[in-house]
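Undergrad: This is input.csv, which holds CSV, C-alpha atoms (C1' of nucleotides):
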```
chain,number,residue,atom,x,y,z
X,1,MET,CA,121.5,-50.3,13.3
X,2,SER,CA,123.5,-52.5,15.6
X,3,LEU,CA,121.2,-53.5,18.4
X,4,VAL,CA,123.1,-56.7,18.9
X,5,LYS,CA,120.2,-58.3,20.6
X,6,THR,CA,121.1,-61.6,22.4
X,7,ASP,CA,118.4,-64.0,21.5
X,8,ILE,CA,116.6,-65.8,24.2
X,9,VAL,CA,115.1,-69.3,24.3
X,10,HIS,CA,112.2,-70.7,26.2
X,11,SER,CA,112.5,-74.3,27.2
X,12,ALA,CA,111.2,-76.7,29.7
X,13,PRO,CA,112.8,-76.9,33.2
X,14,GLY,CA,115.6,-79.4,33.5
X,15,ILE,CA,119.4,-79.6,33.5
X,16,PRO,CA,121.9,-76.7,32.9
X,17,LYS,CA,122.7,-75.9,29.3
X,18,PRO,CA,126.1,-74.3,28.8
X,19,ARG,CA,126.5,-73.2,25.2
X,20,GLY,CA,127.6,-70.4,22.9
X,21,GLY,CA,124.2,-69.4,21.3
X,22,PRO,CA,121.1,-67.8,22.6
X,23,LEU,CA,120.5,-67.7,26.3
X,24,ASP,CA,117.9,-69.9,28.0
X,25,LEU,CA,115.5,-68.5,30.5
X,26,GLY,CA,115.0,-71.9,32.1
X,27,ASP,CA,112.2,-72.1,34.7
X,28,LEU,CA,111.4,-68.4,34.2
X,29,SER,CA,109.7,-69.4,30.9
X,30,ASN,CA,107.0,-71.1,33.1
X,31,SER,CA,106.8,-68.4,35.7
X,32,ILE,CA,103.8,-66.2,35.6
X,33,GLU,CA,105.5,-63.8,37.9
X,34,TYR,CA,108.5,-63.3,35.6
X,35,LEU,CA,106.5,-63.3,32.3
X,36,VAL,CA,104.0,-60.8,33.6
X,37,SER,CA,106.6,-58.4,35.0
X,38,ARG,CA,108.6,-58.6,31.8
X,39,ILE,CA,105.6,-57.9,29.6
X,40,HIS,CA,104.6,-55.2,31.9
X,41,ARG,CA,107.8,-53.3,31.2
X,42,LEU,CA,107.5,-54.1,27.5
X,43,ILE,CA,104.0,-52.9,27.2
X,44,PHE,CA,104.4,-49.8,29.3
X,45,THR,CA,107.3,-48.3,27.6
X,46,GLY,CA,105.3,-48.5,24.4
X,47,PHE,CA,101.9,-47.7,25.8
X,48,SER,CA,103.1,-44.8,27.8
X,49,THR,CA,104.8,-43.3,24.8
X,50,HIS,CA,101.5,-43.4,22.8
X,51,LEU,CA,99.5,-41.9,25.7
X,52,ALA,CA,102.0,-39.2,26.3
X,53,ALA,CA,101.0,-37.7,23.0
X,54,PHE,CA,97.7,-36.8,24.8
X,55,GLY,CA,99.3,-35.7,28.0
X,56,LEU,CA,98.1,-38.9,29.6
X,57,ARG,CA,99.8,-41.5,31.7
X,58,PRO,CA,98.5,-45.1,32.1
X,59,LEU,CA,96.9,-44.3,35.4
X,60,THR,CA,95.2,-41.2,34.2
X,61,PHE,CA,93.9,-43.0,31.2
X,62,ALA,CA,92.5,-45.8,33.4
X,63,ALA,CA,91.1,-43.3,35.9
X,64,LEU,CA,89.2,-41.4,33.2
X,65,THR,CA,87.8,-44.6,31.8
X,66,VAL,CA,86.5,-45.7,35.2
X,67,ILE,CA,85.1,-42.2,36.0
X,68,GLU,CA,83.3,-42.0,32.7
X,69,ARG,CA,81.8,-45.4,33.3
X,70,ASN,CA,80.9,-44.7,37.0
X,71,PRO,CA,80.0,-41.1,37.3
X,72,GLY,CA,79.5,-39.5,40.7
X,73,ARG,CA,81.6,-42.0,42.6
X,74,LYS,CA,83.9,-41.0,45.4
X,75,GLN,CA,87.6,-40.6,44.9
X,76,SER,CA,88.5,-43.4,47.2
X,77,GLU,CA,86.0,-45.7,45.4
X,78,VAL,CA,87.7,-45.0,42.0
X,79,ALA,CA,91.1,-45.5,43.5
X,80,ASP,CA,90.0,-48.8,45.0
X,81,ALA,CA,88.5,-50.0,41.8
X,82,LEU,CA,91.7,-49.2,40.0
X,83,GLY,CA,93.6,-51.1,42.7
X,84,VAL,CA,95.7,-48.1,43.8
X,85,GLN,CA,95.8,-46.6,47.2
X,86,ARG,CA,93.9,-43.4,48.1
X,87,THR,CA,97.1,-41.8,49.1
X,88,ASN,CA,98.8,-42.4,45.8
X,89,PHE,CA,95.7,-41.3,43.8
X,90,VAL,CA,95.6,-37.8,45.1
X,91,ALA,CA,98.3,-36.5,42.8
X,92,THR,CA,96.5,-38.1,39.8
X,93,VAL,CA,93.2,-36.5,40.8
X,94,ASP,CA,94.9,-33.1,41.2
X,95,GLU,CA,96.4,-33.5,37.7
X,96,MET,CA,93.0,-34.4,36.2
X,97,LEU,CA,91.4,-31.4,37.9
X,98,GLN,CA,94.1,-29.1,36.8
X,99,LYS,CA,93.8,-30.2,33.2
X,100,LEU,CA,90.0,-29.8,33.5
X,101,TRP,CA,89.4,-33.4,32.6
X,102,ILE,CA,87.2,-34.0,35.7
X,103,ASP,CA,84.9,-32.1,38.1
X,104,ARG,CA,84.5,-32.6,41.8
X,105,ALA,CA,81.2,-32.1,43.5
X,106,PRO,CA,81.0,-32.4,47.3
X,107,ILE,CA,78.9,-35.3,48.7
X,108,ASP,CA,79.3,-34.4,52.3
X,109,ARG,CA,81.9,-32.2,53.9
X,110,ARG,CA,84.6,-34.8,53.6
X,111,SER,CA,84.1,-36.5,50.3
X,112,TYR,CA,83.8,-35.6,46.6
X,113,ALA,CA,81.9,-37.1,43.7
X,114,LEU,CA,84.0,-37.4,40.5
X,115,HIS,CA,82.6,-36.6,37.1
X,116,LEU,CA,84.1,-36.5,33.7
X,117,SER,CA,84.2,-33.1,32.0
X,118,GLU,CA,83.7,-32.6,28.2
X,119,GLY,CA,87.4,-32.1,27.9
X,120,GLY,CA,88.0,-35.3,29.7
X,121,ALA,CA,85.6,-37.2,27.5
X,122,ALA,CA,87.4,-35.7,24.5
X,123,VAL,CA,90.9,-36.8,25.4
X,124,LEU,CA,89.6,-40.1,26.6
X,125,LYS,CA,87.9,-40.7,23.2
X,126,ALA,CA,91.0,-39.7,21.3
X,127,ALA,CA,93.3,-41.7,23.5
X,128,ALA,CA,91.0,-44.8,23.4
X,129,ALA,CA,91.2,-44.7,19.6
X,130,GLU,CA,94.9,-44.6,19.8
X,131,ARG,CA,94.9,-47.4,22.3
X,132,VAL,CA,93.0,-49.6,19.9
X,133,LYS,CA,95.7,-48.8,17.3
X,134,VAL,CA,98.4,-49.7,19.7
X,135,GLU,CA,96.7,-53.0,20.7
X,136,ASN,CA,96.3,-53.7,17.0
X,137,GLU,CA,100.1,-53.8,16.7
X,138,TRP,CA,100.1,-56.5,19.3
X,139,ASP,CA,97.4,-58.3,17.4
X,140,LEU,CA,100.1,-58.9,14.8
X,141,SER,CA,101.4,-61.5,17.2
X,142,LEU,CA,98.2,-62.3,19.0
X,143,SER,CA,95.0,-63.2,17.2
X,144,PRO,CA,91.7,-61.8,18.5
X,145,ALA,CA,90.8,-65.2,19.8
X,146,LYS,CA,94.0,-65.5,21.7
X,147,LYS,CA,93.7,-62.0,22.9
X,148,SER,CA,90.3,-62.7,24.5
X,149,GLU,CA,91.7,-66.0,25.9
X,150,LEU,CA,94.5,-64.0,27.5
X,151,THR,CA,92.3,-61.2,28.9
X,152,ALA,CA,89.9,-63.8,30.3
X,153,LEU,CA,92.7,-65.6,32.2
X,154,LEU,CA,94.0,-62.3,33.5
X,155,ARG,CA,90.6,-61.2,34.7
X,156,GLN,CA,90.2,-64.5,36.5
X,157,ILE,CA,93.4,-63.9,38.5
X,158,ILE,CA,92.2,-60.4,39.4
X,159,GLU,CA,88.8,-61.6,40.4
X,160,ALA,CA,90.2,-64.4,42.5
X,161,SER,CA,92.5,-61.9,44.2
X,162,SER,CA,89.6,-59.7,45.1
X,163,SER,CA,87.9,-62.5,47.0
X,164,ASP,CA,90.8,-64.5,48.4
X,165,PRO,CA,91.9,-62.8,51.6
X,166,THR,CA,95.2,-64.7,51.6
X,167,ILE,CA,96.4,-62.9,48.5
X,168,PRO,CA,97.8,-59.5,48.9
X,169,ARG,CA,95.6,-56.9,47.2
X,170,ARG,CA,98.2,-54.2,46.4
T,1,MET,CA,89.2,-56.5,59.9
T,2,SER,CA,87.4,-53.7,58.0
T,3,LEU,CA,89.1,-53.6,54.6
T,4,VAL,CA,85.9,-52.2,53.0
T,5,LYS,CA,86.9,-53.4,49.6
T,6,THR,CA,84.8,-51.8,46.9
T,7,ASP,CA,83.9,-54.6,44.5
T,8,ILE,CA,84.7,-54.3,40.9
T,9,VAL,CA,82.9,-55.7,37.9
T,10,HIS,CA,84.2,-56.7,34.5
T,11,SER,CA,81.8,-56.1,31.6
T,12,ALA,CA,81.8,-55.6,27.9
T,13,PRO,CA,82.4,-52.1,26.4
T,14,GLY,CA,79.3,-50.1,25.9
T,15,ILE,CA,77.3,-47.3,27.5
T,16,PRO,CA,77.9,-45.5,30.8
T,17,LYS,CA,76.5,-47.2,33.9
T,18,PRO,CA,75.8,-44.9,36.8
T,19,ARG,CA,74.8,-47.0,39.8
T,20,GLY,CA,75.3,-47.5,43.5
T,21,GLY,CA,76.9,-50.9,43.6
T,22,PRO,CA,80.3,-52.2,42.5
T,23,LEU,CA,82.3,-50.2,40.1
T,24,ASP,CA,82.7,-51.1,36.5
T,25,LEU,CA,86.2,-51.1,34.8
T,26,GLY,CA,84.6,-50.8,31.4
T,27,ASP,CA,87.0,-51.2,28.5
T,28,LEU,CA,89.8,-51.8,30.9
T,29,SER,CA,88.5,-55.3,31.3
T,30,ASN,CA,89.6,-56.0,27.8
T,31,SER,CA,92.8,-54.1,27.9
T,32,ILE,CA,95.9,-56.3,28.0
T,33,GLU,CA,97.9,-53.2,29.1
T,34,TYR,CA,95.7,-52.5,32.1
T,35,LEU,CA,95.2,-56.1,33.2
T,36,VAL,CA,98.9,-56.9,32.9
T,37,SER,CA,100.0,-53.9,34.9
T,38,ARG,CA,97.4,-54.5,37.6
T,39,ILE,CA,98.4,-58.2,37.9
T,40,HIS,CA,102.0,-57.1,37.9
T,41,ARG,CA,101.5,-55.1,41.0
T,42,LEU,CA,99.4,-57.8,42.6
T,43,ILE,CA,101.9,-60.5,42.0
T,44,PHE,CA,104.9,-58.6,42.9
T,45,THR,CA,103.9,-57.4,46.3
T,46,GLY,CA,103.2,-61.0,47.2
T,47,PHE,CA,106.1,-62.5,45.3
T,48,SER,CA,108.6,-60.0,46.6
T,49,THR,CA,107.6,-60.7,50.2
T,50,HIS,CA,108.2,-64.4,49.8
T,51,LEU,CA,111.6,-63.8,48.1
T,52,ALA,CA,112.6,-61.3,50.8
T,53,ALA,CA,112.8,-64.2,53.2
T,54,PHE,CA,115.8,-65.4,51.3
T,55,GLY,CA,117.4,-61.9,50.8
T,56,LEU,CA,116.3,-62.1,47.2
T,57,ARG,CA,114.5,-59.6,44.9
T,58,PRO,CA,112.6,-60.6,41.8
T,59,LEU,CA,115.5,-59.5,39.6
T,60,THR,CA,118.2,-61.3,41.6
T,61,PHE,CA,116.0,-64.5,41.6
T,62,ALA,CA,115.6,-64.2,37.8
T,63,ALA,CA,119.3,-63.4,37.3
T,64,LEU,CA,120.5,-66.4,39.4
T,65,THR,CA,118.1,-68.6,37.4
T,66,VAL,CA,119.6,-67.5,34.1
T,67,ILE,CA,123.2,-67.7,35.3
T,68,GLU,CA,122.7,-71.2,36.6
T,69,ARG,CA,121.2,-72.2,33.3
T,70,ASN,CA,123.8,-70.4,31.2
T,71,PRO,CA,127.1,-70.5,33.0
T,72,GLY,CA,130.0,-68.5,31.8
T,73,ARG,CA,128.0,-65.8,30.0
T,74,LYS,CA,128.9,-62.2,30.0
T,75,GLN,CA,127.2,-59.8,32.3
T,76,SER,CA,125.7,-57.9,29.4
T,77,GLU,CA,124.3,-61.1,27.8
T,78,VAL,CA,122.6,-62.0,31.0
T,79,ALA,CA,121.1,-58.5,31.4
T,80,ASP,CA,119.9,-58.6,27.8
T,81,ALA,CA,118.3,-62.0,28.2
T,82,LEU,CA,116.5,-60.7,31.3
T,83,GLY,CA,115.4,-57.6,29.3
T,84,VAL,CA,117.1,-55.2,31.6
T,85,GLN,CA,119.7,-52.6,30.6
T,86,ARG,CA,123.4,-53.2,31.3
T,87,THR,CA,123.5,-50.0,33.3
T,88,ASN,CA,120.7,-51.1,35.6
T,89,PHE,CA,122.2,-54.5,36.0
T,90,VAL,CA,125.4,-53.4,37.6
T,91,ALA,CA,124.0,-52.9,41.1
T,92,THR,CA,122.3,-56.4,40.9
T,93,VAL,CA,125.6,-58.0,39.9
T,94,ASP,CA,127.4,-56.2,42.7
T,95,GLU,CA,124.8,-57.4,45.2
T,96,MET,CA,125.1,-61.0,44.0
T,97,LEU,CA,128.9,-60.8,44.2
T,98,GLN,CA,128.8,-59.4,47.7
T,99,LYS,CA,126.5,-62.1,48.9
T,100,LEU,CA,128.9,-64.7,47.3
T,101,TRP,CA,126.1,-66.0,45.1
T,102,ILE,CA,128.1,-65.7,41.9
T,103,ASP,CA,131.7,-65.5,40.7
T,104,ARG,CA,133.2,-63.4,38.0
T,105,ALA,CA,136.0,-64.7,35.8
T,106,PRO,CA,137.7,-62.4,33.3
T,107,ILE,CA,137.0,-63.3,29.6
T,108,ASP,CA,139.2,-60.5,28.2
T,109,ARG,CA,140.3,-57.3,29.9
T,110,ARG,CA,136.9,-55.7,29.6
T,111,SER,CA,134.3,-58.5,30.2
T,112,TYR,CA,133.5,-61.1,32.8
T,113,ALA,CA,132.0,-64.6,32.7
T,114,LEU,CA,129.4,-65.1,35.3
T,115,HIS,CA,129.0,-68.4,37.2
T,116,LEU,CA,126.8,-69.5,40.0
T,117,SER,CA,128.5,-70.3,43.3
T,118,GLU,CA,127.5,-73.1,45.6
T,119,GLY,CA,125.9,-70.5,47.9
T,120,GLY,CA,124.0,-69.1,44.9
T,121,ALA,CA,122.8,-72.5,43.9
T,122,ALA,CA,121.6,-73.1,47.5
T,123,VAL,CA,119.5,-69.9,47.8
T,124,LEU,CA,118.2,-70.4,44.3
T,125,LYS,CA,117.1,-74.0,45.1
T,126,ALA,CA,115.5,-72.9,48.4
T,127,ALA,CA,113.8,-69.9,46.8
T,128,ALA,CA,112.6,-71.9,43.8
T,129,ALA,CA,110.9,-74.4,46.1
T,130,GLU,CA,109.2,-71.4,47.8
T,131,ARG,CA,108.3,-70.0,44.4
T,132,VAL,CA,106.5,-73.2,43.6
T,133,LYS,CA,104.6,-72.9,46.9
T,134,VAL,CA,103.6,-69.3,46.0
T,135,GLU,CA,102.5,-70.3,42.5
T,136,ASN,CA,100.4,-73.0,44.1
T,137,GLU,CA,98.4,-70.4,45.9
T,138,TRP,CA,97.6,-69.0,42.5
T,139,ASP,CA,96.7,-72.4,41.3
T,140,LEU,CA,93.7,-72.2,43.6
T,141,SER,CA,92.3,-69.8,41.0
T,142,LEU,CA,94.1,-71.1,37.9
T,143,SER,CA,94.2,-74.8,37.0
T,144,PRO,CA,97.5,-76.2,35.8
T,145,ALA,CA,96.0,-76.3,32.3
T,146,LYS,CA,95.0,-72.7,32.4
T,147,LYS,CA,98.3,-71.8,33.8
T,148,SER,CA,100.2,-73.3,30.9
T,149,GLU,CA,97.7,-71.7,28.6
T,150,LEU,CA,98.5,-68.3,30.2
T,151,THR,CA,102.3,-68.8,30.2
T,152,ALA,CA,102.2,-69.9,26.5
T,153,LEU,CA,100.3,-66.7,25.5
T,154,LEU,CA,102.7,-64.5,27.5
T,155,ARG,CA,105.7,-66.2,26.0
T,156,GLN,CA,104.3,-65.6,22.6
T,157,ILE,CA,104.1,-61.9,23.2
T,158,ILE,CA,107.7,-61.8,24.4
T,159,GLU,CA,108.9,-63.8,21.5
T,160,ALA,CA,107.1,-61.6,19.0
T,161,SER,CA,108.6,-58.5,20.7
T,162,SER,CA,112.1,-59.8,20.3
T,163,SER,CA,111.7,-60.1,16.6
T,164,ASP,CA,109.4,-57.2,15.8
T,165,PRO,CA,111.6,-54.1,15.4
T,166,THR,CA,108.5,-51.8,15.7
T,167,ILE,CA,107.8,-52.9,19.2
T,168,PRO,CA,109.9,-51.3,21.9
T,169,ARG,CA,112.1,-53.8,23.7
T,170,ARG,CA,112.5,-52.2,27.1
U,1,DT,C1',134.6,-47.5,15.7
U,2,DA,C1',132.1,-50.7,18.6
U,3,DT,C1',131.9,-53.1,22.9
U,4,DT,C1',131.9,-53.7,28.1
U,5,DG,C1',131.3,-52.2,32.4
U,6,DT,C1',130.6,-48.3,35.1
U,7,DT,C1',128.8,-43.9,37.5
U,8,DA,C1',125.7,-40.2,38.1
U,9,DT,C1',121.2,-38.6,37.8
U,10,DA,C1',116.3,-38.0,37.4
U,11,DC,C1',111.8,-39.6,37.1
U,12,DT,C1',107.9,-42.7,38.0
U,13,DC,C1',105.4,-45.8,40.8
U,14,DT,C1',104.4,-47.6,45.1
U,15,DA,C1',104.3,-48.2,50.3
U,16,DT,C1',104.0,-46.4,55.0
U,17,DA,C1',103.0,-43.3,58.5
U,18,DA,C1',100.8,-39.5,60.2
U,19,DC,C1',97.6,-35.7,60.1
U,20,DT,C1',93.0,-33.0,59.6
U,21,DA,C1',88.2,-32.9,59.2
U,22,DT,C1',84.2,-34.9,59.2
U,23,DA,C1',80.6,-38.8,60.0
D,1,DT,C1',85.5,-45.1,66.3
D,2,DA,C1',85.6,-45.2,61.3
D,3,DT,C1',85.9,-42.7,57.0
D,4,DA,C1',87.8,-39.3,53.3
D,5,DG,C1',91.2,-36.8,51.7
D,6,DT,C1',95.7,-35.1,52.3
D,7,DT,C1',100.9,-34.5,53.1
D,8,DA,C1',105.5,-36.1,53.6
D,9,DT,C1',108.8,-39.4,52.8
D,10,DA,C1',111.3,-43.4,51.5
D,11,DG,C1',112.2,-47.2,48.5
D,12,DA,C1',112.2,-49.7,44.4
D,13,DG,C1',112.6,-49.8,39.3
D,14,DT,C1',113.8,-47.8,35.1
D,15,DA,C1',115.6,-44.4,31.6
D,16,DT,C1',119.3,-41.3,29.8
D,17,DA,C1',123.8,-39.5,29.3
D,18,DA,C1',128.4,-39.7,29.8
D,19,DC,C1',132.7,-41.9,30.7
D,20,DA,C1',137.1,-45.1,30.8
D,21,DA,C1',139.2,-49.1,29.2
D,22,DT,C1',139.5,-52.3,25.8
D,23,DA,C1',138.7,-54.8,21.3
```
Rewrite the structure from the file as structure tokens, please.
TA:
Amino acid sequence: MSLVKTDIVHSAPGIPKPRGGPLDLGDLSNSIEYLVSRIHRLIFTGFSTHLAAFGLRPLTFAALTVIERNPGRKQSEVADALGVQRTNFVATVDEMLQKLWIDRAPIDRRSYALHLSEGGAAVLKAAAAERVKVENEWDLSLSPAKKSELTALLRQIIEASSSDPTIPRR
Amino acid sequence: MSLVKTDIVHSAPGIPKPRGGPLDLGDLSNSIEYLVSRIHRLIFTGFSTHLAAFGLRPLTFAALTVIERNPGRKQSEVADALGVQRTNFVATVDEMLQKLWIDRAPIDRRSYALHLSEGGAAVLKAAAAERVKVENEWDLSLSPAKKSELTALLRQIIEASSSDPTIPRR
DNA sequence: TATTGTTATACTCTATAACTATA
DNA sequence: TATAGTTATAGAGTATAACAATA
């Protein structure tokens, strides 16, 4: 296998560094924006592949999780909790309905209450088990302690963004 | 302004929780995949907006940073360092050439060495200053110490992914 | 035979605007 | 007037396949 991966190097900000070896990401190594976006791609190619075995996408997996945990909520509430717009959540709801993973019960004549079906609970359970397996692969590089450190920091950012009106929400 | 944001809650995994208040993200609160993807969207809407004032996109900003730091490298090396595919880097290179932010010098008759132009250095400098300003908004919720904690953890994941052949690279 | 840059193409995700109907 | 769901559409970003020129 000749992947010929050009190594990268993380270093502190400073002066240019022309060389012949691995490339240097420079200030990007300290940029939350860059690191998050890069890891996002990294994770999602792998994570999506695992979920695809269950007919799931990252968003359907997340949606089923939230619906199970918060039965009877409105479509727009679930979308909002997930941080996606109502308008972009419609197709996902349609998909989950079509696959019989959720039910919709009318609240009034313009809104629905979402519930997980037995089938939905089943895929979710199977996929969640798989998710743990996938995350365990990452645990090879991140100890449980560091993982909870990381998730705590990430949650803090999300929580701050929900209350700070100067930070764009989506 | 009536944004009518439905609050969310982060809690430990466990039993369902039907209520009438804020929604619960359940196990998603401990999922690196979910948290990273959500923050990715959050950051990028804001970050992209700030960069757009300079005619930059996140990828062009990152590319200029790497080219400045590693002058004379091949297009494919820069793409690889950034974790994007050669094929998807072409348009970005074209854009940077057209805006006179970089120069291309032939290495042999099939590859080019990339260098930052004066104009490229100028936008990069201006945008980097703006970047610091944007990150300072985040520092409202994340102390400098926590920020470097976070970037260190994120770097660790990226580094592990570059050496672990079982983890998809892009 | 492998590398470098390229084109074409399709698919996903997201953002915006506008519409219907209901409250 | 505001809310809930929907449709249509456009723009990024990314993935795959295939190709030409060169090493």
Undergrad: Have a look at X:Ile107, X:Val36, X:Ala52, X:Ile67 and name the one nearest to chain D; count all atoms listed in the file.
TA: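 Selected residue with least distance to chain D: X:Ile107.
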Undergrad: Identify the residues within 6 Å of coordinate (126.9, -66.3, 40.0) (same frame as the file), considering only C-alpha atoms (C1' of nucleotides), and give the answer as a VMD selection string.
TA: chain T and resid 101 to 103 114 to 117
Undergrad: Could you tell me how far CA of Thr45 (chain X) sits from CA of Arg86 (chain X), in Å to one decimal place?
TA: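 We find that CA of Arg86 (chain X) and CA of Thr45 (chain X) lie 25.0 Å from each other.
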Undergrad: Take CA of Arg131 (chain T) and CA of Asn88 (chain T) and report the distance between them in Å, one decimal.
TA: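 Taking CA of Arg131 (chain T) and CA of Asn88 (chain T), their separation equals 24.3 Å.
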Undergrad: Please find the residues of chain D near chain T - the criterion being any atom within 12 Å, counting only C-alpha atoms (C1' of nucleotides) - and write them as a list in words.
TA: DA2, DT3, DA12, DG13, DT14, DA15, DT16, DA17, DA18, DA20, DA21, DT22 and DA23 of chain D
Undergrad: So that I can check the surroundings of Glu149 (chain T), please list as a list in words every protein, DNA and RNA residue that reaches within 9 Å of it, counting all atoms listed in the file and ignoring chain neighbours fewer than 6 positions away.
TA: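 Close residues of Glu149 (chain T): Glu149, Leu150 and Leu153 of chain X.
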Undergrad: Per residue of chain D within 12 Å of region 91-97 of chain X, note the shortest atom pair and the distance in Å to one decimal, counting only C-alpha atoms (C1' of nucleotides), and order the rows by chain and increasing residue number, as a Markdown table.
TA:
```
| residue | atom | partner | partner_atom | distance |
| --- | --- | --- | --- | --- |
| D:DG5 | C1' | X:Val93 | CA | 11.1 |
| D:DT6 | C1' | X:Ala91 | CA | 9.9 |
| D:DT7 | C1' | X:Ala91 | CA | 10.8 |
```
Undergrad: Expressed in Å to a single decimal, how great is the separation between CA of Ala160 (chain T) and CA of Gly21 (chain X)?
TA: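 Rounded to one decimal, the two atoms are 18.9 Å apart.
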Undergrad: Got a sec: who's within 8 Å of Arg38 (chain X), counting all atoms listed in the file, leaving out chain neighbours fewer than 4 positions off, as a PyMOL selection string?
TA: (chain X and resi 34+42) or (chain T and resi 83)
Undergrad: Only residues of chain U matter here; which ones have an atom within 8 Å of chain T, counting all atoms listed in the file? Give them as a PyMOL selection string.
TA: chain U and resi 4-6
Undergrad: Would you save the residues from that selection as a CSV table (one decimal), in the frame of the given file, using C-alpha atoms (C1' of nucleotides)?
TA:
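Final output, saved to again.csv:
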```
chain,number,residue,atom,x,y,z
U,4,DT,C1',131.9,-53.7,28.1
U,5,DG,C1',131.3,-52.2,32.4
U,6,DT,C1',130.6,-48.3,35.1
```
Undergrad: For chain T, which residue out of X:Leu100, X:Ala126, X:Ala113, X:Ile158 is the nearest one, using only C-alpha atoms?
TA: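 Using only C-alpha atoms, chain T sits closest to X:Ile158.
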Undergrad: Looking at only C-alpha atoms, which of T:Gln98, T:Ser37, T:Ser143, T:Thr49 is the one that sits closest to chain X?
TA: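 Of T:Gln98, T:Ser37, T:Ser143, T:Thr49, the one nearest chain X, counting only C-alpha atoms, is T:Ser37.
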